[in-house]
Each structure stands twice: as C-alpha cells, then as structure tokens.
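Asker: Sharing structure13.cif below, mmCIF, C-alpha atoms:
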```cif
data_model
#
loop_
_atom_site.label_atom_id
_atom_site.label_comp_id
_atom_site.auth_asym_id
_atom_site.auth_seq_id
_atom_site.Cartn_x
_atom_site.Cartn_y
_atom_site.Cartn_z
CA MET A 1 105.25 128.65 70.02
CA ASN A 2 108.23 130.94 69.82
CA THR A 3 110.58 130.99 66.87
CA VAL A 4 113.41 129.11 68.59
CA TRP A 5 111.22 126.11 69.36
CA LEU A 6 109.84 126.16 65.83
CA VAL A 7 113.40 126.04 64.48
CA TYR A 8 114.20 123.09 66.79
CA LEU A 9 111.07 121.28 65.62
CA LEU A 10 111.84 121.82 61.96
CA CYS A 11 115.42 120.63 62.49
CA TYR A 12 114.14 117.52 64.26
CA LEU A 13 111.67 116.75 61.46
CA GLY A 14 114.29 117.56 58.84
CA ILE A 15 116.70 115.10 60.42
CA GLY A 16 113.87 112.57 60.38
CA VAL A 17 113.42 113.03 56.63
CA VAL A 18 117.16 112.66 56.03
CA VAL A 19 117.30 109.56 58.23
CA LEU A 20 114.34 108.04 56.41
CA ILE A 21 115.95 108.60 53.02
CA ALA A 22 119.26 107.19 54.28
CA HIS A 23 117.50 104.18 55.78
CA ARG A 24 115.63 103.44 52.54
CA ALA A 25 118.86 103.77 50.57
CA TYR A 26 120.63 101.44 52.99
CA ARG A 27 117.86 98.85 52.69
CA ALA A 28 117.95 99.12 48.90
CA TRP A 29 121.71 98.58 49.00
CA LYS A 30 121.62 95.80 51.56
CA PRO A 31 118.27 93.99 51.54
CA GLN A 32 117.12 91.99 54.52
CA GLY A 33 117.57 88.22 54.59
CA GLY A 34 115.39 86.06 52.40
CA SER A 35 111.70 85.79 53.02
CA PHE A 36 110.23 82.44 53.86
CA PRO A 37 106.80 81.22 52.93
CA ILE A 38 104.33 80.25 55.60
CA PHE A 39 102.39 78.34 52.98
CA PRO A 40 104.48 77.48 49.94
CA GLY A 41 101.46 76.04 48.17
CA LEU A 42 99.71 79.37 47.90
CA GLN A 43 100.17 80.96 44.50
CA GLU A 44 100.97 84.63 44.44
CA LYS A 45 98.44 86.69 42.50
CA PRO A 46 99.40 89.81 40.52
CA PRO A 47 98.80 92.90 42.68
CA SER A 48 95.48 94.69 42.20
CA TRP A 49 95.30 98.36 41.17
CA LYS A 50 94.47 99.21 44.77
CA ALA A 51 97.61 97.47 45.99
CA ARG A 52 99.72 99.19 43.34
CA LEU A 53 98.20 102.58 44.25
CA PHE A 54 98.92 101.92 47.92
CA ASP A 55 102.50 100.89 47.23
CA ALA A 56 103.16 103.89 44.99
CA ILE A 57 101.44 106.74 46.83
CA VAL A 58 99.56 106.00 50.02
CA GLY A 59 102.21 103.76 51.56
CA PRO A 60 105.10 106.21 51.29
CA ILE A 61 102.92 109.06 52.63
CA VAL A 62 101.85 106.97 55.62
CA VAL A 63 105.48 105.95 56.26
CA LEU A 64 106.56 109.60 56.04
CA LEU A 65 103.85 110.77 58.44
CA ILE A 66 104.62 108.06 60.98
CA PHE A 67 108.39 107.80 60.65
CA VAL A 68 109.39 111.46 60.62
CA PRO A 69 107.84 112.43 63.99
CA LEU A 70 108.93 109.17 65.64
CA TRP A 71 112.23 108.52 63.88
CA PRO A 72 114.47 108.01 66.96
CA LEU A 73 112.10 105.39 68.38
CA LEU A 74 111.47 103.55 65.10
CA LEU A 75 115.15 103.61 64.17
CA SER A 76 116.09 102.12 67.53
CA ILE A 77 113.55 99.32 67.04
CA GLU A 78 114.70 98.65 63.47
CA TYR A 79 118.35 98.37 64.44
CA GLY A 80 117.80 96.45 67.62
CA PHE A 81 118.48 98.87 70.44
CA PRO A 82 118.25 96.63 73.48
CA TRP A 83 115.10 98.15 74.99
CA HIS A 84 114.35 94.84 76.64
CA ARG A 85 117.25 95.35 79.02
CA PHE A 86 115.28 98.15 80.57
CA LYS A 87 112.06 96.22 81.01
CA PHE A 88 111.55 95.50 84.66
CA TRP A 89 109.65 92.28 83.99
CA ARG A 90 112.39 90.59 82.06
CA ASP A 91 114.37 87.92 83.77
CA LYS A 92 117.81 88.20 82.21
CA ALA A 93 119.03 85.14 84.02
CA LYS A 94 116.38 83.11 82.22
CA THR A 95 117.66 84.20 78.80
CA ASP A 96 121.27 83.62 79.74
CA ALA A 97 120.69 80.21 81.24
CA ALA A 98 121.28 77.06 79.25
CA PHE A 99 118.15 75.53 77.80
CA THR A 100 116.24 73.26 80.12
CA TRP A 101 112.85 71.70 79.71
CA PRO A 102 110.12 73.31 81.75
CA GLU A 103 109.54 71.40 84.96
CA SER A 104 106.28 69.92 83.68
CA GLU A 105 108.14 68.41 80.71
CA ALA A 106 111.29 67.27 82.44
CA GLY A 107 109.69 63.99 83.24
CA PHE A 108 111.74 61.49 81.28
CA GLU A 109 113.66 59.07 83.41
CA VAL A 110 115.48 55.95 82.36
CA THR A 111 114.19 52.78 83.99
CA GLY A 112 115.80 49.38 84.35
CA ALA A 113 113.57 48.04 81.61
CA ASP A 114 115.07 50.56 79.16
CA LEU A 115 118.65 49.31 79.58
CA LEU A 116 120.21 47.62 76.56
CA GLU A 117 123.91 46.96 76.99
CA LYS A 118 126.82 47.78 79.27
CA LEU A 119 129.56 49.58 77.38
CA SER A 120 132.89 51.18 78.10
CA ARG A 121 133.45 54.85 77.46
CA ALA A 122 136.00 53.95 74.77
CA ASP A 123 133.47 51.67 73.03
CA ILE A 124 130.84 54.39 73.05
CA GLU A 125 133.17 57.07 71.79
CA ALA A 126 134.44 54.83 69.01
CA ALA A 127 130.89 53.98 67.94
CA GLU A 128 129.68 57.56 68.10
CA MET A 129 132.32 59.17 65.92
CA VAL A 130 130.64 61.33 63.30
CA ASP A 131 132.24 61.91 59.97
CA ASP A 132 131.11 64.04 57.09
CA PRO A 133 132.60 64.34 53.60
CA LEU A 134 132.02 68.10 53.69
CA HIS A 135 133.73 68.43 57.09
CA ALA A 136 130.70 70.14 58.55
CA VAL A 137 131.08 68.45 61.92
CA PRO A 138 133.85 68.23 64.54
CA ASP A 139 135.94 65.07 64.25
CA LYS A 140 134.98 64.00 67.76
CA PRO A 141 132.53 61.59 69.38
CA PHE A 142 128.96 62.91 69.07
CA GLY A 143 130.13 65.65 66.68
CA HIS A 144 128.47 68.95 67.51
CA LEU A 145 127.21 67.49 70.79
CA ASN A 146 130.70 66.56 71.95
CA GLY A 147 130.72 69.30 74.59
CA VAL A 148 127.50 67.94 76.08
CA TRP A 149 129.01 64.44 76.17
CA GLN A 150 132.21 65.71 77.81
CA ALA A 151 130.21 67.49 80.49
CA PHE A 152 128.21 64.30 81.06
CA VAL A 153 131.20 61.99 81.50
CA ASP A 154 133.16 64.55 83.52
CA GLY A 155 130.31 64.61 86.03
CA LEU A 156 130.18 60.86 86.56
CA ALA A 157 131.36 59.12 89.69
CA PRO A 158 134.47 56.94 89.07
CA GLU A 159 132.62 53.73 89.83
CA SER A 160 129.78 54.46 87.38
CA GLU A 161 129.00 52.03 84.61
CA LEU A 162 127.72 53.24 81.27
CA TRP A 163 124.72 51.55 79.66
CA SER A 164 122.92 52.22 76.43
CA PHE A 165 119.15 52.61 76.73
CA ARG A 166 116.01 53.01 74.69
CA GLY A 167 112.84 54.18 76.38
CA LEU A 168 109.47 55.80 75.80
CA TRP A 169 108.58 59.23 77.11
CA LYS A 170 104.89 60.05 77.22
CA THR A 171 104.20 63.80 77.13
CA PRO A 172 101.08 65.90 76.61
CA TYR A 173 102.32 66.53 73.06
CA GLY A 174 102.97 62.96 72.04
CA ASP A 175 105.10 59.92 72.73
CA TYR A 176 108.82 60.17 72.18
CA GLN A 177 111.30 57.36 71.71
CA MET A 178 114.37 58.30 73.69
CA GLN A 179 117.81 56.80 73.16
CA GLY A 180 121.16 57.41 74.72
CA TYR A 181 123.49 56.38 77.52
CA VAL A 182 122.87 56.30 81.23
CA ALA A 183 125.16 56.05 84.24
CA ARG A 184 124.55 53.16 86.61
CA GLN A 185 125.92 52.53 90.10
CA GLY A 186 124.86 49.14 91.36
CA GLU A 187 121.11 49.04 90.88
CA LYS A 188 120.77 52.80 90.91
CA LEU A 189 120.48 54.70 87.65
CA GLY A 190 122.08 58.13 87.46
CA PRO A 191 122.10 60.91 84.89
CA HIS A 192 121.65 60.14 81.22
CA PHE A 193 122.93 61.50 77.94
CA LEU A 194 120.46 61.64 75.06
CA THR A 195 121.42 60.80 71.50
CA SER A 196 117.94 60.75 70.00
CA GLN A 197 114.50 62.03 70.87
CA ARG A 198 112.05 60.98 68.20
CA LEU A 199 108.34 61.70 68.14
CA ARG A 200 106.55 58.39 67.67
CA LYS A 201 102.92 59.32 68.14
CA GLU A 202 101.56 62.83 68.11
CA VAL A 203 98.63 63.53 70.43
CA MET B 1 98.88 80.03 69.02
CA THR B 2 99.46 81.44 65.58
CA ALA B 3 100.40 79.37 62.55
CA GLN B 4 104.16 79.25 62.50
CA PHE B 5 106.64 80.15 59.79
CA PHE B 6 108.14 77.22 57.98
CA GLU B 7 111.75 76.28 57.97
CA ALA B 8 113.38 76.63 54.54
CA LEU B 9 114.77 73.61 52.72
CA HIS B 10 116.89 73.55 49.58
CA TYR B 11 116.39 70.22 47.91
CA ASP B 12 116.59 69.01 44.38
CA GLY B 13 117.29 72.51 43.06
CA ARG B 14 114.23 74.05 44.69
CA GLU B 15 113.51 76.00 47.84
CA MET B 16 110.67 74.57 49.86
CA GLY B 17 108.98 75.18 53.16
CA MET B 18 109.37 72.54 55.86
CA THR B 19 107.39 72.09 59.05
CA THR B 20 109.97 69.92 60.81
CA GLU B 21 112.37 71.81 63.06
CA PRO B 22 115.54 69.70 63.43
CA LEU B 23 117.38 72.44 65.32
CA GLY B 24 114.82 72.02 68.10
CA ASP B 25 116.06 68.45 68.49
CA TYR B 26 119.62 69.73 68.82
CA PHE B 27 118.59 71.99 71.69
CA ALA B 28 116.53 69.21 73.27
CA LEU B 29 119.56 66.93 73.25
CA GLY B 30 121.51 69.51 75.20
CA GLY B 31 123.07 71.61 72.45
CA ALA B 32 123.73 75.17 73.61
CA ASN B 33 120.86 77.52 72.86
CA PRO B 34 121.77 81.22 72.81
CA GLY B 35 118.24 82.05 73.97
CA LEU B 36 116.24 81.37 70.82
CA GLY B 37 112.58 80.93 71.57
CA LEU B 38 113.03 81.63 75.26
CA ASP B 39 111.99 85.28 75.22
CA TRP B 40 108.62 86.40 76.41
CA PRO B 41 106.89 88.13 74.80
CA ALA B 42 108.13 86.63 71.56
CA ASP B 43 109.34 88.95 68.82
CA CYS B 44 106.65 87.54 66.54
CA THR B 45 103.72 85.29 67.40
CA ALA B 46 104.24 83.42 64.13
CA LEU B 47 107.77 82.55 65.22
CA TRP B 48 107.71 81.28 68.77
CA ARG B 49 110.93 79.38 68.21
CA GLY B 50 112.67 82.69 67.47
CA TYR B 51 114.50 81.69 64.30
CA ILE B 52 114.08 80.28 60.83
CA GLY B 53 116.58 77.64 59.87
CA THR B 54 117.63 77.14 56.26
CA TRP B 55 118.46 73.53 55.46
CA GLU B 56 119.93 71.76 52.50
CA ILE B 57 119.93 68.16 51.41
CA LEU B 58 123.20 67.54 49.63
CA ARG B 59 124.76 64.21 48.70
CA GLY B 60 122.11 62.42 50.71
CA ARG B 61 122.73 64.33 53.92
CA LEU B 62 120.89 67.01 55.83
CA TYR B 63 122.76 70.23 56.50
CA LEU B 64 121.87 73.42 58.30
CA ILE B 65 123.21 76.31 56.21
CA ALA B 66 121.73 79.39 57.89
CA ILE B 67 119.90 80.61 60.96
CA ASN B 68 117.89 83.79 60.55
CA VAL B 69 116.24 85.80 63.26
CA LEU B 70 113.80 88.63 62.76
CA PRO B 71 115.19 92.15 62.32
CA GLY B 72 115.58 93.72 65.72
CA SER B 73 115.43 90.35 67.46
CA ARG B 74 116.61 90.37 71.06
CA VAL B 75 118.78 87.32 70.42
CA ALA B 76 121.53 87.77 67.87
CA ALA B 77 121.95 84.26 66.51
CA SER B 78 123.55 82.87 63.41
CA LEU B 79 125.14 79.62 62.34
CA GLU B 80 128.45 80.87 63.76
CA THR B 81 127.02 81.74 67.18
CA VAL B 82 125.19 78.42 67.62
CA PHE B 83 127.93 76.31 66.02
CA PRO B 84 131.21 78.18 66.54
CA GLY B 85 133.75 77.39 63.87
CA TYR B 86 131.08 76.32 61.38
CA PRO B 87 129.80 79.52 59.79
CA ASP B 88 128.73 78.01 56.47
CA ARG B 89 127.39 74.51 56.96
CA VAL B 90 126.53 72.14 59.80
CA PHE B 91 125.87 68.43 59.35
CA ALA B 92 122.64 67.61 61.24
CA HIS B 93 123.91 64.27 62.55
CA TRP B 94 121.77 64.61 65.69
CA PHE B 95 118.51 64.43 63.77
CA THR B 96 116.61 61.20 63.32
CA GLY B 97 113.05 61.48 62.13
CA THR B 98 110.89 62.50 59.21
CA LEU B 99 111.05 65.83 57.44
CA ARG B 100 107.62 67.05 56.39
CA ILE B 101 107.45 69.32 53.35
CA PRO B 102 103.86 70.42 52.59
CA GLN B 103 103.00 70.85 48.93
CA GLY B 104 100.03 72.06 46.91
CA LYS B 105 97.08 74.07 48.08
CA VAL B 106 95.90 74.46 51.64
CA LEU B 107 93.00 72.06 52.21
CA LYS B 108 92.37 73.20 55.74
CA TYR B 109 93.94 76.12 57.54
CA VAL B 110 94.57 75.74 61.25
CA HIS B 111 95.70 78.83 63.11
CA MET B 112 98.13 76.90 65.25
CA GLY B 113 101.64 75.56 64.84
CA HIS B 114 102.14 73.55 61.68
CA GLN B 115 98.73 71.89 61.81
CA SER B 116 97.28 73.11 58.51
CA THR B 117 96.59 70.40 55.96
CA PHE B 118 97.93 70.67 52.43
CA GLU B 119 97.17 68.64 49.31
CA ARG B 120 100.15 66.44 49.93
CA ASP B 121 103.25 66.11 52.06
CA LEU B 122 106.67 65.12 50.87
CA LEU B 123 108.08 63.01 53.70
CA ILE B 124 111.81 62.43 53.90
CA ASP B 125 113.13 59.90 56.38
CA VAL B 126 116.40 60.83 58.03
CA GLU B 127 118.59 58.74 60.30
CA ARG B 128 121.40 60.54 62.09
CA GLY B 129 121.42 63.21 59.42
CA VAL B 130 121.55 60.75 56.51
CA ILE B 131 118.61 60.50 54.10
CA ARG B 132 117.11 57.01 54.12
CA GLY B 133 114.16 57.48 51.77
CA GLU B 134 111.27 59.65 50.75
CA ARG B 135 107.61 59.26 49.95
CA VAL B 136 104.61 61.42 49.13
CA ARG B 137 101.46 61.36 51.23
CA GLU B 138 98.27 62.53 49.55
CA ASN B 139 96.01 64.26 52.06
CA GLU B 140 92.27 64.72 52.24
CA VAL B 141 90.31 67.51 53.83
CA PRO B 142 90.27 66.47 57.49
CA GLN B 143 86.93 65.92 59.11
CA ASP B 144 86.14 68.16 62.05
CA LYS B 145 86.18 66.29 65.31
CA GLY B 146 82.94 66.48 67.08
#
```
Starting from the file, give its structure as structure tokens.
Answerer:
Amino acid sequence: MNTVWLVYLLCYLGIGVVVLIAHRAYRAWKPQGGSFPIFPGLQEKPPSWKARLFDAIVGPIVVLLIFVPLWPLLLSIEYGFPWHRFKFWRDKAKTDAAFTWPESEAGFEVTGADLLEKLSRADIEAAEMVDDPLHAVPDKPFGHLNGVWQAFVDGLAPESELWSFRGLWKTPYGDYQMQGYVARQGEKLGPHFLTSQRLRKEV
Amino acid sequence: MTAQFFEALHYDGREMGMTTEPLGDYFALGGANPGLGLDWPADCTALWRGYIGTWEILRGRLYLIAINVLPGSRVAASLETVFPGYPDRVFAHWFTGTLRIPQGKVLKYVHMGHQSTFERDLLIDVERGVIRGERVRENEVPQDKG
C-alpha cells in the first residue's frame, strides 16, 4: 500500500474515532426515550463481575473495533437514513396507503339481524359528542374519529337511512362484538361506520 | 412470533407494563395510521406493531401521552403525527374493553405475542375511555394442552 492510501485510511479511521466520541457525547447529553419492560414482574439482579468487566473494558473495545471501520454505515442506521427507499422489494404504496384489514380479515358485514334503531344524522352526532375535562379531544362528534365519520357520511347516497347496529364478527383470532352505524337503502345495507370493536372470546 | 414489548401505563403513581394495545383499536376503527406496523420486515420482531404507546389513567380516564418508535424506525411517528394538534395528551374515547396489566413473576413464558402467564393480572374495565372498574385475577401455571 503506498503512503497516500495509508494516509487516506488513517484519516478515515480517525474520523471514525471522532464521530464515535461525538456520538457517545450526544447520547450522554440527550438519552434515548424511556425503556419499557417486556416483563415488569422480573426483578433486576445486580450485575455480575463478568457483566461489569464487559461493560467497562470488553464492550468499548468491541464497539471501537466494529464502529470505526464501519462508521458511515452504522451512523446512517442509527440516525435513520432511509435505506428502505432503495430496497427494490419494498412497496411504497403499501406504506403510504391508509390502513385496511387484510382481505382474509375484512369479512365483517352488517346483517339485517344486527340492526337496532333508525336514527337521523343529527341524532347520531348529538349522541356521539365527546367531551373531556382536559380538552384532549376535538369538540366534534366522534372526537378523534370525526374525520372518519365525515368521510363516511359524505359518501352516502342522499336517500340513505342511518341505522345503529350491533353484530358479532368471528375471526381466526377470536370473536369481536362490533358496534356502529350502517347506511340502508330500502332492504339493502350499505357501508358501515364502526364505533367499537371489542374482543369477546379469544381463540 | 416473538414475545412482544408491553405498552407502558402510568397509573396510581407507578409505571406498569400493559399487554392491551388500545391504539390498535383506533386504527381498526379507521383512524389514520402513518404506517405503524405495516412495514416488512419489521424493525424489531418483538415489536410487530411498530410502536410503544405510553398511557395514563388520570381522573378516571384513559389517555395516550406518548408514541415511541424504535431508533432508526422507517416510520417517524409521534403523538403529534397521529393526532395532529394534540402533542401532549389524547383522550382514548374510542376504546372499550379491558386493560390487562400483568404483575408478579412469570409463571409460564410463551414466545409469542402477549401470551405469557404471570402471577396475576390487574384488569381495568374501560368504556369509551372512561374507567368503569378494576379487579385482580390470580393466575395458575397453565396446563399444557395435549
């Protein structure tokens, strides 16, 4: 290896060391968000001498040996460089699309037997106002779900009636009690708006 | 499927882990999901849903007070991005069900979802975001099916 390349290599590794120190300092100054227990019942034991030795000596050496040669890659992962945008197998449209149940689970349909009561839109909106003493919800019908409700009613045919319903949805994961409002035209039931989906019996 | 991280719950002056995921109900009811839990492969196999919600029971109501994603997550989500205009606190009025808060030692570990059994479960009944009652269920070591 000639001297020029050796200088480049040392510069690269030197930058890696500086970046590592800066990163550690940044993390010490601004720790990551809180940690959450998988099992809160497990009691933490005091670290063993092996763990303390690892934390004090072996760990930092391993980090140094791995981080310094690979610092651009590891830094990009740590700070969320959008590598996934370059993966050919990713379907961006899927991520950007609004959530929908997979086809196999989109099986709930309101039946005539589920219907409870015919209501006007004004009645429903008056009954579904959500209030909160801490003002942590919009002062609108269905609160944080108001946009979903608006989209639902905006898509209804003018002659649609609105009915409340309560039905059971059997899935491979359990039985859900579903509640909400459904559009009805004559004997035909149209789209529905869910207000509650409660697991009744887990499989 | 790996055992999943708990949600965090602040209740009665303590921070606890909770297996119930009320934000999943919000998405199921049509609430806009910025893409949480929809990525494949997932950022972490112990977090298929893609976030950890921090909840608080205050004055008899259930609130969502934070949404955390893993460092480097592909989906940048927070309380503000999921609930614009509500960066600090969101009343979980959409949730009706029972919050399960495992307590004590693990009696049986199951490497899937939230299926491990603990000594007891604190169960809190919620109706449209309002706490209706709570009870403690003492558990036994489950018998293997077979």
Asker: When the PyMOL selection byres ((chain B) within 7 of (chain A)) is applied to the structure above, which residues does it catch, written out as a list of chain:residue names?
Answerer: B:Gln4, B:Phe5, B:Phe6, B:Ala8, B:Met16, B:Gly17, B:Leu29, B:Gly30, B:Gly31, B:Ala32, B:Asn33, B:Gly35, B:Leu38, B:Asp39, B:Pro71, B:Gly72, B:Ser73, B:Arg74, B:Tyr86, B:Arg89, B:Val90, B:Phe91, B:Trp94, B:Thr96, B:Gly97, B:Gln103, B:Gly104, B:Lys105, B:Val106
Asker: Taking all atoms listed in the file into account, name the residue in B:Glu80, B:Glu140, B:Glu127, B:Asp12 that is nearest to Phe95 of chain B.
Answerer: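 Closest to Phe95 of chain B, using all atoms listed in the file: B:Glu127.
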Asker: Give me, as a PyMOL selection string, all polymer residues having an atom no more than 8 Å from Tyr11 of chain B, counting all atoms listed in the file and skipping those fewer than 5 positions away in the same chain.
Answerer: chain B and resi 16+56-58
Asker: Hey, what's within 12 Å of Glu7 of chain B if we count all atoms listed in the file and toss same-chain stuff fewer than 2 positions away? As JSON, numbers by chain, please?
Answerer: {"A": [34, 35, 36, 37, 38, 39, 40], "B": [4, 5, 9, 10, 15, 16, 17, 18, 19, 20, 21, 22, 23, 24, 47, 49, 50, 51, 52, 53, 54, 55, 56, 64, 65, 66, 67, 68, 69, 99, 100, 101, 102, 114]}
Asker: Please determine an axis-aligned box that encloses all atoms of segment 3-18 of chain B listed in the file, with 3 Å added on each side, and express its centre and edge lengths in Å to one decimal as AutoDock Vina command-line options.
Answerer:
```
--center_x 108.8 --center_y 74.6 --center_z 52.8 --size_x 22.9 --size_y 17.1 --size_z 25.5
```
Asker: Quick one, how far is atom CA of Gln177 of chain A from atom CA of Glu109 of chain A?
Answerer: 12.1 Å
Asker: Suppose you want the space between atom CA of Val126 of chain B and atom CA of Thr98 of chain B; what is it in Å?
Answerer: 5.9 Å
Asker: For a test of reading the model, state the distance in Å between atom CA of Pro142 of chain B and atom CA of Arg120 of chain B, rounded to one decimal.
Answerer: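 Straight-line distance from atom CA of Pro142 of chain B to atom CA of Arg120 of chain B works out to 12.4 Å.
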Asker: I need the residue nearest Gly133 of chain B from this list: B:Arg61, B:Thr45, B:Ala3, B:Gly13. Use all atoms listed in the file for the distance.
Answerer: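 Checking each candidate against Gly133 of chain B, we get B:Arg61 as the closest.
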Asker: Taking 4 positions as the minimum chain separation for residues in the same chain, which residues sit within 10 Å of Gly167 of chain A when counting only C-alpha atoms? Answer as a PyMOL selection string.
Answerer: chain A and resi 108-116+176-180+197
Asker: Write only N, CA and C atoms for segment 71-83 of chain B from the block just shown, as a compact mmCIF listing (two decimals), in the first residue's frame.
Answerer:
```txt
# COMPACT_ATOMS: atom_id res chain seq x y z
N PRO B 71 -35.38 3.62 17.59
CA PRO B 71 -34.43 4.48 16.90
C PRO B 71 -34.17 3.95 15.49
N GLY B 72 -34.19 4.85 14.54
CA GLY B 72 -33.95 4.44 13.16
C GLY B 72 -35.16 3.82 12.49
N SER B 73 -36.32 3.90 13.15
CA SER B 73 -37.52 3.32 12.56
C SER B 73 -37.85 3.99 11.22
N ARG B 74 -38.41 3.20 10.33
CA ARG B 74 -38.74 3.73 9.00
C ARG B 74 -39.94 4.67 9.05
N VAL B 75 -40.75 4.54 10.09
CA VAL B 75 -41.93 5.39 10.22
C VAL B 75 -41.70 6.37 11.38
N ALA B 76 -41.66 7.63 11.05
CA ALA B 76 -41.47 8.64 12.09
C ALA B 76 -42.85 8.98 12.65
N ALA B 77 -43.17 8.44 13.80
CA ALA B 77 -44.50 8.68 14.38
C ALA B 77 -44.36 9.22 15.79
N SER B 78 -45.28 10.05 16.13
CA SER B 78 -45.35 10.60 17.49
C SER B 78 -46.82 10.90 17.75
N LEU B 79 -47.10 11.39 18.94
CA LEU B 79 -48.48 11.76 19.25
C LEU B 79 -48.97 12.82 18.27
N GLU B 80 -48.09 13.76 17.94
CA GLU B 80 -48.46 14.88 17.07
C GLU B 80 -48.74 14.39 15.64
N THR B 81 -48.00 13.41 15.16
CA THR B 81 -48.22 12.96 13.78
C THR B 81 -49.48 12.11 13.66
N VAL B 82 -49.79 11.35 14.70
CA VAL B 82 -51.01 10.51 14.64
C VAL B 82 -52.24 11.32 15.01
N PHE B 83 -52.07 12.23 15.95
CA PHE B 83 -53.20 13.08 16.39
C PHE B 83 -52.78 14.54 16.27
```
